[in-house]
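Step one of this worksheet: look at the structure below.
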Amino acid sequence: MKATATSHPNIALIKYWGKRNRALNLPAVPSLSITLAPFETRTTVSWGEDADRFEINGQVASGDAANRIGAFLDLVDPKRPPVHLESTNNFPTAAGLASSSSAFAALALAANAAAGHSRSLAELSILARQGSGSACRSLWGGWVTWAAGQAEDGSDSHGTPLAPVDHWNLKVIVALVSGEKKAISSRAGMLHTEATSPLYPGWVTSAEADIEEAIAAVKSRDLERLGTAMEHSTMKMHGTMLSANPPVRYLKAGSMAVLDAVESLRAQGVPAWATMDAGPNVKVLTTAESAEQVEKAIQEIVQTTHILHIGGDARLVS
Ligand code: PMV
């Protein structure tokens, strides 16, 4: 059978960094994200071919990338037949947003349907989580939480919708500081941080308070409260990475320059708060009214920017 699914990437406002179980990709901390459009991954899976063939953005995958997809399809069905996959992003790979979140959410949805299985959304989220942690939040549009959970098998650690796409019309401006592939993958960076940062235990124990604060801010649509919680989670995550030995440093001089610009926008009364993930690019959260002004200020520092809005659910299109 053949199935096609689409999914938007997401960015975390309250961050996932560190695992309580490596094999199952279970997080040590809870996280909260927003799903971002118009960026989108579209994936078609054809189940029951004569050999595996995975094509990403028009190029046949090989090596690690192919192995990662093959291993993921084995989770969908351990007795699977060979599969053809075609996946395309409508956004540049070097857009400054992790595309693995939308990639594994779309793949989970399409592969499950092509295999003729009927997993629930929570089960699909658990599946997507094993491809890439952040992907478990991309099954839903709008505002999504991901619980760390306690179950050994990870059955209580999946995405849960917090508020729908039309709950709050915020925008995210992506500032592309660098389009280069990152030197340290999030997987390797997390392991190293857990193993060597003396600040890591504090990162884990303080996460619950951050997510409670952010959930309250989302529910009451209080942008200053949400932006402050997001920046705190971001800086604490990067501080924990920087205190690893040797340090895990994703931020560049250009990231700092964008942070300065965001601070001066705020000093002028413009609502803008910044976040960065496992890379140097900065994403700025702001209101629909201020989006263009924020983008203009950032364009004085970086050449490439994107204005994104909150996107909808991952879905099967055929
Ligand atoms: O989904 P992964 O394994 O690539 O990890 C993502 C980690 C961060 O992007 C830094 C934070 C997050 O919660 O998305």
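Chain lettering (A, B, ...) mirrors the order of the structure tokens, residue numbering begins at 1 for each chain separately, and ligand numbering begins at 1 in order of display.
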| message | So that I can check the secondary structure, give me every residue of stretch 42-188 of chain A assigned strand (DSSP E) by backbone DSSP, as a PyMOL selection string. | response | chain A and resi 42-47+53-56+59-60+83-89+143-146+159-163+170-176
Polymer residues at most 10 Å from A:Leu73, only C-alpha atoms, same-chain spacing of 3 or more positions, as a PDB file with N, CA and C atoms, in the first residue's frame:
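For reference, selection16.pdb as written:
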```pdb
ATOM      1  N   ASN A  67      20.363   4.184   7.039  1.00  0.00           N
ATOM      2  CA  ASN A  67      20.250   3.240   8.164  1.00  0.00           C
ATOM      3  C   ASN A  67      19.236   3.723   9.191  1.00  0.00           C
ATOM      4  N   ARG A  68      19.231   5.053   9.421  1.00  0.00           N
ATOM      5  CA  ARG A  68      18.312   5.605  10.423  1.00  0.00           C
ATOM      6  C   ARG A  68      16.852   5.430   9.976  1.00  0.00           C
ATOM      7  N   ILE A  69      16.611   5.621   8.676  1.00  0.00           N
ATOM      8  CA  ILE A  69      15.246   5.452   8.159  1.00  0.00           C
ATOM      9  C   ILE A  69      14.855   3.972   8.201  1.00  0.00           C
ATOM     10  N   GLY A  70      15.788   3.109   7.771  1.00  0.00           N
ATOM     11  CA  GLY A  70      15.517   1.661   7.777  1.00  0.00           C
ATOM     12  C   GLY A  70      15.185   1.169   9.183  1.00  0.00           C
ATOM     13  N   VAL A  76       8.140   0.389  12.861  1.00  0.00           N
ATOM     14  CA  VAL A  76       6.741   0.421  12.387  1.00  0.00           C
ATOM     15  C   VAL A  76       6.235  -1.009  12.259  1.00  0.00           C
ATOM     16  N   ASP A  77       7.091  -1.889  11.698  1.00  0.00           N
ATOM     17  CA  ASP A  77       6.745  -3.304  11.583  1.00  0.00           C
ATOM     18  C   ASP A  77       8.039  -4.118  11.457  1.00  0.00           C
ATOM     19  N   PRO A  78       8.389  -4.878  12.506  1.00  0.00           N
ATOM     20  CA  PRO A  78       9.645  -5.639  12.477  1.00  0.00           C
ATOM     21  C   PRO A  78       9.701  -6.661  11.337  1.00  0.00           C
ATOM     22  N   LYS A  79       8.527  -7.052  10.823  1.00  0.00           N
ATOM     23  CA  LYS A  79       8.542  -8.035   9.712  1.00  0.00           C
ATOM     24  C   LYS A  79       8.227  -7.351   8.387  1.00  0.00           C
ATOM     25  N   ARG A  80       8.641  -6.101   8.274  1.00  0.00           N
ATOM     26  CA  ARG A  80       8.233  -5.311   7.109  1.00  0.00           C
ATOM     27  C   ARG A  80       8.851  -5.820   5.807  1.00  0.00           C
ATOM     28  N   PRO A  81       8.174  -5.539   4.692  1.00  0.00           N
ATOM     29  CA  PRO A  81       8.764  -5.801   3.376  1.00  0.00           C
ATOM     30  C   PRO A  81       9.646  -4.614   2.994  1.00  0.00           C
ATOM     31  N   PRO A  82      10.399  -4.680   1.905  1.00  0.00           N
ATOM     32  CA  PRO A  82      11.135  -3.501   1.436  1.00  0.00           C
ATOM     33  C   PRO A  82      10.175  -2.340   1.127  1.00  0.00           C
ATOM     34  N   VAL A  83      10.690  -1.133   1.270  1.00  0.00           N
ATOM     35  CA  VAL A  83       9.846   0.066   1.217  1.00  0.00           C
ATOM     36  C   VAL A  83      10.491   1.118   0.322  1.00  0.00           C
ATOM     37  N   LEU A 107       6.852  10.791   8.525  1.00  0.00           N
ATOM     38  CA  LEU A 107       7.208   9.398   8.212  1.00  0.00           C
ATOM     39  C   LEU A 107       6.401   8.417   9.076  1.00  0.00           C
ATOM     40  N   ALA A 108       6.231   8.714  10.355  1.00  0.00           N
ATOM     41  CA  ALA A 108       5.453   7.829  11.236  1.00  0.00           C
ATOM     42  C   ALA A 108       4.026   7.694  10.715  1.00  0.00           C
ATOM     43  N   ALA A 111       4.066   5.877   7.100  1.00  0.00           N
ATOM     44  CA  ALA A 111       4.470   4.467   7.136  1.00  0.00           C
ATOM     45  C   ALA A 111       3.413   3.614   7.837  1.00  0.00           C
ATOM     46  N   ASN A 112       2.855   4.148   8.924  1.00  0.00           N
ATOM     47  CA  ASN A 112       1.817   3.419   9.657  1.00  0.00           C
ATOM     48  C   ASN A 112       0.613   3.143   8.745  1.00  0.00           C
ATOM     49  N   ALA A 115       1.489   0.659   5.937  1.00  0.00           N
ATOM     50  CA  ALA A 115       1.601  -0.714   6.456  1.00  0.00           C
ATOM     51  C   ALA A 115       0.233  -1.288   6.819  1.00  0.00           C
ATOM     52  N   LEU A 127       6.064   6.507  18.456  1.00  0.00           N
ATOM     53  CA  LEU A 127       6.867   5.993  17.346  1.00  0.00           C
ATOM     54  C   LEU A 127       7.791   7.096  16.813  1.00  0.00           C
ATOM     55  N   GLY A 131      12.355   8.115  16.401  1.00  0.00           N
ATOM     56  CA  GLY A 131      13.128   8.592  15.248  1.00  0.00           C
ATOM     57  C   GLY A 131      13.935   9.826  15.628  1.00  0.00           C
TER      58      GLY A 131
END
```
| task | Counting only C-alpha atoms and all ligand atoms, figure out which residue out of A:Arg20, A:His238, A:Arg119, A:Arg225 gets nearest to ligand 1. | result |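 Among the listed residues, the smallest separation from ligand 1 belongs to A:His238.
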| said: So, with only C-alpha atoms as the atoms that count, which of A:Asn281, A:Thr287, A:Thr228, A:Ser7 lies closest to A:His306? | reply: A:Asn281
Extract, using only C-alpha atoms, all DNA, RNA and protein residues at most 9 Å from A:Tyr200, discarding same-chain residues fewer than 4 positions from it, and format them as a PDB file with all heavy atoms, in the first residue's frame.
```pdb
ATOM      1  N   GLY A  18      18.638  16.100  27.153  1.00  0.00           N
ATOM      2  CA  GLY A  18      19.017  15.041  28.091  1.00  0.00           C
ATOM      3  C   GLY A  18      17.983  13.929  28.092  1.00  0.00           C
ATOM      4  O   GLY A  18      16.794  14.176  27.923  1.00  0.00           O
ATOM      5  N   THR A 193      26.732  16.204  27.388  1.00  0.00           N
ATOM      6  CA  THR A 193      26.312  17.132  28.450  1.00  0.00           C
ATOM      7  C   THR A 193      25.925  16.353  29.702  1.00  0.00           C
ATOM      8  O   THR A 193      26.345  16.692  30.817  1.00  0.00           O
ATOM      9  CB  THR A 193      25.108  17.985  27.973  1.00  0.00           C
ATOM     10  OG1 THR A 193      25.441  18.628  26.748  1.00  0.00           O
ATOM     11  CG2 THR A 193      24.729  19.037  29.003  1.00  0.00           C
ATOM     12  N   GLU A 194      25.124  15.305  29.507  1.00  0.00           N
ATOM     13  CA  GLU A 194      24.710  14.478  30.652  1.00  0.00           C
ATOM     14  C   GLU A 194      25.918  13.921  31.401  1.00  0.00           C
ATOM     15  O   GLU A 194      25.952  13.887  32.616  1.00  0.00           O
ATOM     16  CB  GLU A 194      23.901  13.261  30.166  1.00  0.00           C
ATOM     17  CG  GLU A 194      22.503  13.547  29.699  1.00  0.00           C
ATOM     18  CD  GLU A 194      21.957  12.345  28.915  1.00  0.00           C
ATOM     19  OE1 GLU A 194      22.248  11.189  29.270  1.00  0.00           O
ATOM     20  OE2 GLU A 194      21.269  12.584  27.930  1.00  0.00           O
ATOM     21  N   ALA A 195      26.912  13.476  30.604  1.00  0.00           N
ATOM     22  CA  ALA A 195      28.058  12.775  31.197  1.00  0.00           C
ATOM     23  C   ALA A 195      29.043  13.710  31.877  1.00  0.00           C
ATOM     24  O   ALA A 195      29.719  13.309  32.820  1.00  0.00           O
ATOM     25  CB  ALA A 195      28.783  11.964  30.114  1.00  0.00           C
ATOM     26  N   THR A 196      29.129  14.977  31.423  1.00  0.00           N
ATOM     27  CA  THR A 196      30.253  15.800  31.916  1.00  0.00           C
ATOM     28  C   THR A 196      29.877  17.145  32.528  1.00  0.00           C
ATOM     29  O   THR A 196      30.736  17.798  33.105  1.00  0.00           O
ATOM     30  CB  THR A 196      31.271  16.072  30.780  1.00  0.00           C
ATOM     31  OG1 THR A 196      30.628  16.873  29.772  1.00  0.00           O
ATOM     32  CG2 THR A 196      31.794  14.784  30.147  1.00  0.00           C
ATOM     33  N   VAL A 204      17.919  19.468  35.159  1.00  0.00           N
ATOM     34  CA  VAL A 204      16.817  18.498  35.210  1.00  0.00           C
ATOM     35  C   VAL A 204      15.829  18.862  36.334  1.00  0.00           C
ATOM     36  O   VAL A 204      14.619  18.911  36.101  1.00  0.00           O
ATOM     37  CB  VAL A 204      17.360  17.056  35.400  1.00  0.00           C
ATOM     38  CG1 VAL A 204      16.223  16.063  35.611  1.00  0.00           C
ATOM     39  CG2 VAL A 204      18.195  16.641  34.187  1.00  0.00           C
ATOM     40  N   THR A 205      16.339  19.178  37.512  1.00  0.00           N
ATOM     41  CA  THR A 205      15.408  19.398  38.640  1.00  0.00           C
ATOM     42  C   THR A 205      14.633  20.710  38.497  1.00  0.00           C
ATOM     43  O   THR A 205      13.570  20.848  39.062  1.00  0.00           O
ATOM     44  CB  THR A 205      16.133  19.376  40.004  1.00  0.00           C
ATOM     45  OG1 THR A 205      17.237  20.267  39.926  1.00  0.00           O
ATOM     46  CG2 THR A 205      16.605  17.988  40.367  1.00  0.00           C
ATOM     47  N   MET A 237      19.620  25.915  29.135  1.00  0.00           N
ATOM     48  CA  MET A 237      20.062  24.772  28.317  1.00  0.00           C
ATOM     49  C   MET A 237      21.454  25.051  27.737  1.00  0.00           C
ATOM     50  O   MET A 237      22.350  24.202  27.829  1.00  0.00           O
ATOM     51  CB  MET A 237      19.068  24.503  27.183  1.00  0.00           C
ATOM     52  CG  MET A 237      19.518  23.368  26.261  1.00  0.00           C
ATOM     53  SD  MET A 237      18.380  23.023  24.919  1.00  0.00           S
ATOM     54  CE  MET A 237      18.731  24.361  23.782  1.00  0.00           C
ATOM     55  N   THR A 240      24.090  24.906  30.379  1.00  0.00           N
ATOM     56  CA  THR A 240      24.416  23.528  30.752  1.00  0.00           C
ATOM     57  C   THR A 240      25.329  22.906  29.698  1.00  0.00           C
ATOM     58  O   THR A 240      26.309  22.230  30.022  1.00  0.00           O
ATOM     59  CB  THR A 240      23.119  22.713  30.931  1.00  0.00           C
ATOM     60  OG1 THR A 240      22.257  23.436  31.810  1.00  0.00           O
ATOM     61  CG2 THR A 240      23.393  21.348  31.519  1.00  0.00           C
ATOM     62  N   MET A 241      25.028  23.162  28.420  1.00  0.00           N
ATOM     63  CA  MET A 241      25.891  22.658  27.339  1.00  0.00           C
ATOM     64  C   MET A 241      27.305  23.251  27.461  1.00  0.00           C
ATOM     65  O   MET A 241      28.306  22.539  27.301  1.00  0.00           O
ATOM     66  CB  MET A 241      25.354  23.103  25.969  1.00  0.00           C
ATOM     67  CG  MET A 241      24.028  22.529  25.551  1.00  0.00           C
ATOM     68  SD  MET A 241      23.443  23.574  24.180  1.00  0.00           S
ATOM     69  CE  MET A 241      22.056  22.614  23.606  1.00  0.00           C
ATOM     70  N   SER A 243      28.823  24.231  30.007  1.00  0.00           N
ATOM     71  CA  SER A 243      29.554  23.754  31.189  1.00  0.00           C
ATOM     72  C   SER A 243      29.954  22.284  31.049  1.00  0.00           C
ATOM     73  O   SER A 243      30.507  21.697  31.975  1.00  0.00           O
ATOM     74  CB  SER A 243      28.709  23.957  32.446  1.00  0.00           C
ATOM     75  OG  SER A 243      27.564  23.135  32.386  1.00  0.00           O
ATOM     76  N   ALA A 244      29.654  21.669  29.899  1.00  0.00           N
ATOM     77  CA  ALA A 244      30.166  20.311  29.631  1.00  0.00           C
ATOM     78  C   ALA A 244      31.679  20.413  29.407  1.00  0.00           C
ATOM     79  O   ALA A 244      32.209  21.504  29.156  1.00  0.00           O
ATOM     80  CB  ALA A 244      29.487  19.726  28.398  1.00  0.00           C
TER      81      ALA A 244
END
```
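Across A:Pro38, A:Pro92, A:Gly189, A:Gly239, the tightest approach to ligand 1 is made by A:Gly189 when counting only C-alpha atoms and all ligand atoms.
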| request: Would you return as a PyMOL selection string the members of stretch 91-278 of chain A that DSSP assigns to alpha helix (DSSP H) on this structure's backbone? | output: chain A and resi 100-114+121-131+186-196+200-205+207-219+223-242+253-267
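Counting from atom CA of A:Ala98, the distance to atom CA of A:Val248 is 17.5 Å.
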| said: Calculated over only C-alpha atoms and all ligand atoms, which of the candidates A:Ala278, A:Ala147, A:Ile184, A:Ile301 has the smallest distance to ligand 1? | reply: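 For ligand 1, the nearest of the candidates is A:Ala278.
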| request: Would you mind reading off the distance between atom CA of A:Lys219 and atom CA of A:Leu308, one decimal, in Å? | output: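 Answer for the atom CA of A:Lys219 to atom CA of A:Leu308 separation: 21.0 Å.
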| said: What's around A:Glu300 at 12 Å? Count only C-alpha atoms, leave out sequence neighbours fewer than 2 positions away in its own chain, and write the answer as a PyMOL selection string. | reply: chain A and resi 175+177+254+257-258+260-262+293-298+302-305
Selection to disk with N, CA, C and O atoms, as a PDB file, in the first residue's frame:
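again.pdb was written with the following content:
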```pdb
ATOM      1  N   ALA A 175      16.165  33.853  12.280  1.00  0.00           N
ATOM      2  CA  ALA A 175      17.352  34.584  11.829  1.00  0.00           C
ATOM      3  C   ALA A 175      18.420  33.551  11.489  1.00  0.00           C
ATOM      4  O   ALA A 175      18.912  32.846  12.379  1.00  0.00           O
ATOM      5  N   VAL A 177      21.765  32.580  11.098  1.00  0.00           N
ATOM      6  CA  VAL A 177      23.122  33.022  11.429  1.00  0.00           C
ATOM      7  C   VAL A 177      24.134  32.204  10.626  1.00  0.00           C
ATOM      8  O   VAL A 177      25.136  32.707  10.149  1.00  0.00           O
ATOM      9  N   GLY A 254      27.353  35.770  15.644  1.00  0.00           N
ATOM     10  CA  GLY A 254      26.125  36.279  15.017  1.00  0.00           C
ATOM     11  C   GLY A 254      24.890  36.029  15.875  1.00  0.00           C
ATOM     12  O   GLY A 254      23.943  36.827  15.885  1.00  0.00           O
ATOM     13  N   ALA A 257      24.801  38.737  18.392  1.00  0.00           N
ATOM     14  CA  ALA A 257      24.403  40.019  17.798  1.00  0.00           C
ATOM     15  C   ALA A 257      22.875  40.089  17.665  1.00  0.00           C
ATOM     16  O   ALA A 257      22.260  41.134  17.902  1.00  0.00           O
ATOM     17  N   VAL A 258      22.256  38.955  17.295  1.00  0.00           N
ATOM     18  CA  VAL A 258      20.786  38.947  17.191  1.00  0.00           C
ATOM     19  C   VAL A 258      20.168  39.102  18.585  1.00  0.00           C
ATOM     20  O   VAL A 258      19.181  39.828  18.764  1.00  0.00           O
ATOM     21  N   ASP A 260      21.414  40.750  21.056  1.00  0.00           N
ATOM     22  CA  ASP A 260      21.523  42.183  21.394  1.00  0.00           C
ATOM     23  C   ASP A 260      20.386  42.972  20.737  1.00  0.00           C
ATOM     24  O   ASP A 260      19.783  43.853  21.358  1.00  0.00           O
ATOM     25  N   ALA A 261      20.119  42.655  19.473  1.00  0.00           N
ATOM     26  CA  ALA A 261      19.061  43.376  18.752  1.00  0.00           C
ATOM     27  C   ALA A 261      17.698  43.133  19.401  1.00  0.00           C
ATOM     28  O   ALA A 261      16.871  44.050  19.510  1.00  0.00           O
ATOM     29  N   VAL A 262      17.476  41.904  19.846  1.00  0.00           N
ATOM     30  CA  VAL A 262      16.192  41.572  20.484  1.00  0.00           C
ATOM     31  C   VAL A 262      16.062  42.346  21.806  1.00  0.00           C
ATOM     32  O   VAL A 262      15.009  42.902  22.121  1.00  0.00           O
ATOM     33  N   GLN A 293       8.418  44.650  11.931  1.00  0.00           N
ATOM     34  CA  GLN A 293       9.408  45.530  12.580  1.00  0.00           C
ATOM     35  C   GLN A 293      10.577  44.704  13.139  1.00  0.00           C
ATOM     36  O   GLN A 293      11.737  45.077  13.003  1.00  0.00           O
ATOM     37  N   VAL A 294      10.237  43.562  13.735  1.00  0.00           N
ATOM     38  CA  VAL A 294      11.277  42.692  14.297  1.00  0.00           C
ATOM     39  C   VAL A 294      12.147  42.147  13.157  1.00  0.00           C
ATOM     40  O   VAL A 294      13.376  42.154  13.229  1.00  0.00           O
ATOM     41  N   GLU A 295      11.502  41.721  12.063  1.00  0.00           N
ATOM     42  CA  GLU A 295      12.269  41.177  10.939  1.00  0.00           C
ATOM     43  C   GLU A 295      13.237  42.217  10.379  1.00  0.00           C
ATOM     44  O   GLU A 295      14.403  41.928  10.103  1.00  0.00           O
ATOM     45  N   LYS A 296      12.754  43.455  10.242  1.00  0.00           N
ATOM     46  CA  LYS A 296      13.597  44.543   9.725  1.00  0.00           C
ATOM     47  C   LYS A 296      14.829  44.755  10.594  1.00  0.00           C
ATOM     48  O   LYS A 296      15.939  44.905  10.093  1.00  0.00           O
ATOM     49  N   ALA A 297      14.630  44.759  11.895  1.00  0.00           N
ATOM     50  CA  ALA A 297      15.758  44.973  12.822  1.00  0.00           C
ATOM     51  C   ALA A 297      16.769  43.844  12.687  1.00  0.00           C
ATOM     52  O   ALA A 297      17.976  44.071  12.698  1.00  0.00           O
ATOM     53  N   ILE A 298      16.270  42.616  12.516  1.00  0.00           N
ATOM     54  CA  ILE A 298      17.167  41.461  12.415  1.00  0.00           C
ATOM     55  C   ILE A 298      17.892  41.448  11.076  1.00  0.00           C
ATOM     56  O   ILE A 298      19.036  41.013  10.976  1.00  0.00           O
ATOM     57  N   VAL A 302      21.582  39.782   9.926  1.00  0.00           N
ATOM     58  CA  VAL A 302      21.724  38.562   9.113  1.00  0.00           C
ATOM     59  C   VAL A 302      21.044  38.767   7.759  1.00  0.00           C
ATOM     60  O   VAL A 302      20.122  39.576   7.635  1.00  0.00           O
ATOM     61  N   GLN A 303      21.505  37.993   6.772  1.00  0.00           N
ATOM     62  CA  GLN A 303      20.974  38.179   5.414  1.00  0.00           C
ATOM     63  C   GLN A 303      19.636  37.489   5.212  1.00  0.00           C
ATOM     64  O   GLN A 303      18.787  37.972   4.479  1.00  0.00           O
ATOM     65  N   THR A 304      19.476  36.310   5.853  1.00  0.00           N
ATOM     66  CA  THR A 304      18.282  35.518   5.574  1.00  0.00           C
ATOM     67  C   THR A 304      17.382  35.425   6.794  1.00  0.00           C
ATOM     68  O   THR A 304      17.839  35.048   7.885  1.00  0.00           O
ATOM     69  N   THR A 305      16.130  35.772   6.599  1.00  0.00           N
ATOM     70  CA  THR A 305      15.140  35.640   7.679  1.00  0.00           C
ATOM     71  C   THR A 305      13.880  34.996   7.101  1.00  0.00           C
ATOM     72  O   THR A 305      13.643  35.028   5.889  1.00  0.00           O
TER      73      THR A 305
END
```
A:Leu242: which residues within 10 Å, counting only C-alpha atoms, same-chain residues fewer than 5 positions away excluded, as a PDB file with C-alpha atoms, in the first residue's frame?
```pdb
ATOM      1  CA  THR A 193      26.312  17.132  28.450  1.00  0.00           C
ATOM      2  CA  SER A 197      28.308  18.930  32.927  1.00  0.00           C
ATOM      3  CA  LEU A 199      25.163  21.804  36.030  1.00  0.00           C
ATOM      4  CA  LYS A 236      19.814  27.476  31.009  1.00  0.00           C
ATOM      5  CA  MET A 237      20.062  24.772  28.317  1.00  0.00           C
ATOM      6  CA  PRO A 247      32.049  22.489  26.124  1.00  0.00           C
ATOM      7  CA  VAL A 248      29.229  21.950  23.635  1.00  0.00           C
ATOM      8  CA  ARG A 249      28.951  25.356  22.009  1.00  0.00           C
ATOM      9  CA  TYR A 250      26.378  25.927  19.292  1.00  0.00           C
ATOM     10  CA  LEU A 251      26.160  29.722  19.536  1.00  0.00           C
TER      11      LEU A 251
END
```
| Of the listed residues A:Ser155, A:Thr286, A:Thr275, A:Thr160, that which approaches ligand 1 most closely, counting only C-alpha atoms and all ligand atoms | A:Thr275
| message | Just checking: using only C-alpha atoms and all ligand atoms, which residue out of A:Asp277, A:Asp153, A:Asp52, A:Asp210 ends up closest to ligand 1? | response |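 Of all the options, A:Asp277 lies closest to ligand 1.
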| In Å to one decimal, how far is atom CA of A:Glu263 from atom CA of A:Glu289? |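 Atom-to-atom, atom CA of A:Glu289 and atom CA of A:Glu263 are spaced 18.0 Å apart.
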Please list as a PDB file with N, CA, C and O atoms, in the first residue's frame every residue within 10 Å of A:Lys19, counting only C-alpha atoms and excluding residues in the same chain fewer than 5 positions away.
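Saved to result20.pdb:
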```pdb
ATOM      1  N   LEU A  24      15.240   4.229  24.046  1.00  0.00           N
ATOM      2  CA  LEU A  24      13.861   4.591  23.711  1.00  0.00           C
ATOM      3  C   LEU A  24      13.681   6.085  23.464  1.00  0.00           C
ATOM      4  O   LEU A  24      12.572   6.542  23.205  1.00  0.00           O
ATOM      5  N   ASN A  25      14.773   6.852  23.570  1.00  0.00           N
ATOM      6  CA  ASN A  25      14.685   8.301  23.400  1.00  0.00           C
ATOM      7  C   ASN A  25      13.692   8.913  24.387  1.00  0.00           C
ATOM      8  O   ASN A  25      12.809   9.678  23.999  1.00  0.00           O
ATOM      9  N   LEU A  26      13.844   8.569  25.645  1.00  0.00           N
ATOM     10  CA  LEU A  26      12.953   9.133  26.665  1.00  0.00           C
ATOM     11  C   LEU A  26      13.645  10.333  27.308  1.00  0.00           C
ATOM     12  O   LEU A  26      14.797  10.233  27.732  1.00  0.00           O
ATOM     13  N   PRO A  27      12.960  11.468  27.378  1.00  0.00           N
ATOM     14  CA  PRO A  27      13.600  12.684  27.861  1.00  0.00           C
ATOM     15  C   PRO A  27      13.718  12.717  29.383  1.00  0.00           C
ATOM     16  O   PRO A  27      12.893  12.139  30.096  1.00  0.00           O
ATOM     17  N   ALA A  28      14.733  13.447  29.851  1.00  0.00           N
ATOM     18  CA  ALA A  28      14.896  13.645  31.294  1.00  0.00           C
ATOM     19  C   ALA A  28      14.001  14.783  31.785  1.00  0.00           C
ATOM     20  O   ALA A  28      13.780  14.920  32.983  1.00  0.00           O
ATOM     21  N   VAL A  29      13.510  15.605  30.857  1.00  0.00           N
ATOM     22  CA  VAL A  29      12.729  16.800  31.227  1.00  0.00           C
ATOM     23  C   VAL A  29      11.501  16.933  30.327  1.00  0.00           C
ATOM     24  O   VAL A  29      11.518  16.486  29.181  1.00  0.00           O
ATOM     25  N   GLY A 133      13.570  12.811  19.001  1.00  0.00           N
ATOM     26  CA  GLY A 133      12.751  13.180  20.164  1.00  0.00           C
ATOM     27  C   GLY A 133      11.728  14.256  19.835  1.00  0.00           C
ATOM     28  O   GLY A 133      10.516  14.094  20.045  1.00  0.00           O
ATOM     29  N   ALA A 148       7.978  13.993  30.282  1.00  0.00           N
ATOM     30  CA  ALA A 148       9.112  13.075  30.467  1.00  0.00           C
ATOM     31  C   ALA A 148       8.580  11.674  30.798  1.00  0.00           C
ATOM     32  O   ALA A 148       9.135  10.678  30.345  1.00  0.00           O
ATOM     33  N   ARG A 187      22.002  14.491  19.376  1.00  0.00           N
ATOM     34  CA  ARG A 187      22.155  13.222  20.094  1.00  0.00           C
ATOM     35  C   ARG A 187      23.497  13.166  20.840  1.00  0.00           C
ATOM     36  O   ARG A 187      23.554  12.908  22.044  1.00  0.00           O
ATOM     37  N   MET A 190      23.809  15.891  23.643  1.00  0.00           N
ATOM     38  CA  MET A 190      23.050  15.550  24.857  1.00  0.00           C
ATOM     39  C   MET A 190      23.816  14.556  25.721  1.00  0.00           C
ATOM     40  O   MET A 190      23.951  14.742  26.924  1.00  0.00           O
ATOM     41  N   LEU A 191      24.313  13.497  25.086  1.00  0.00           N
ATOM     42  CA  LEU A 191      25.040  12.460  25.840  1.00  0.00           C
ATOM     43  C   LEU A 191      26.234  13.058  26.561  1.00  0.00           C
ATOM     44  O   LEU A 191      26.485  12.776  27.733  1.00  0.00           O
ATOM     45  N   GLU A 194      25.124  15.305  29.507  1.00  0.00           N
ATOM     46  CA  GLU A 194      24.710  14.478  30.652  1.00  0.00           C
ATOM     47  C   GLU A 194      25.918  13.921  31.401  1.00  0.00           C
ATOM     48  O   GLU A 194      25.952  13.887  32.616  1.00  0.00           O
ATOM     49  N   VAL A 204      17.919  19.468  35.159  1.00  0.00           N
ATOM     50  CA  VAL A 204      16.817  18.498  35.210  1.00  0.00           C
ATOM     51  C   VAL A 204      15.829  18.862  36.334  1.00  0.00           C
ATOM     52  O   VAL A 204      14.619  18.911  36.101  1.00  0.00           O
TER      53      VAL A 204
END
```
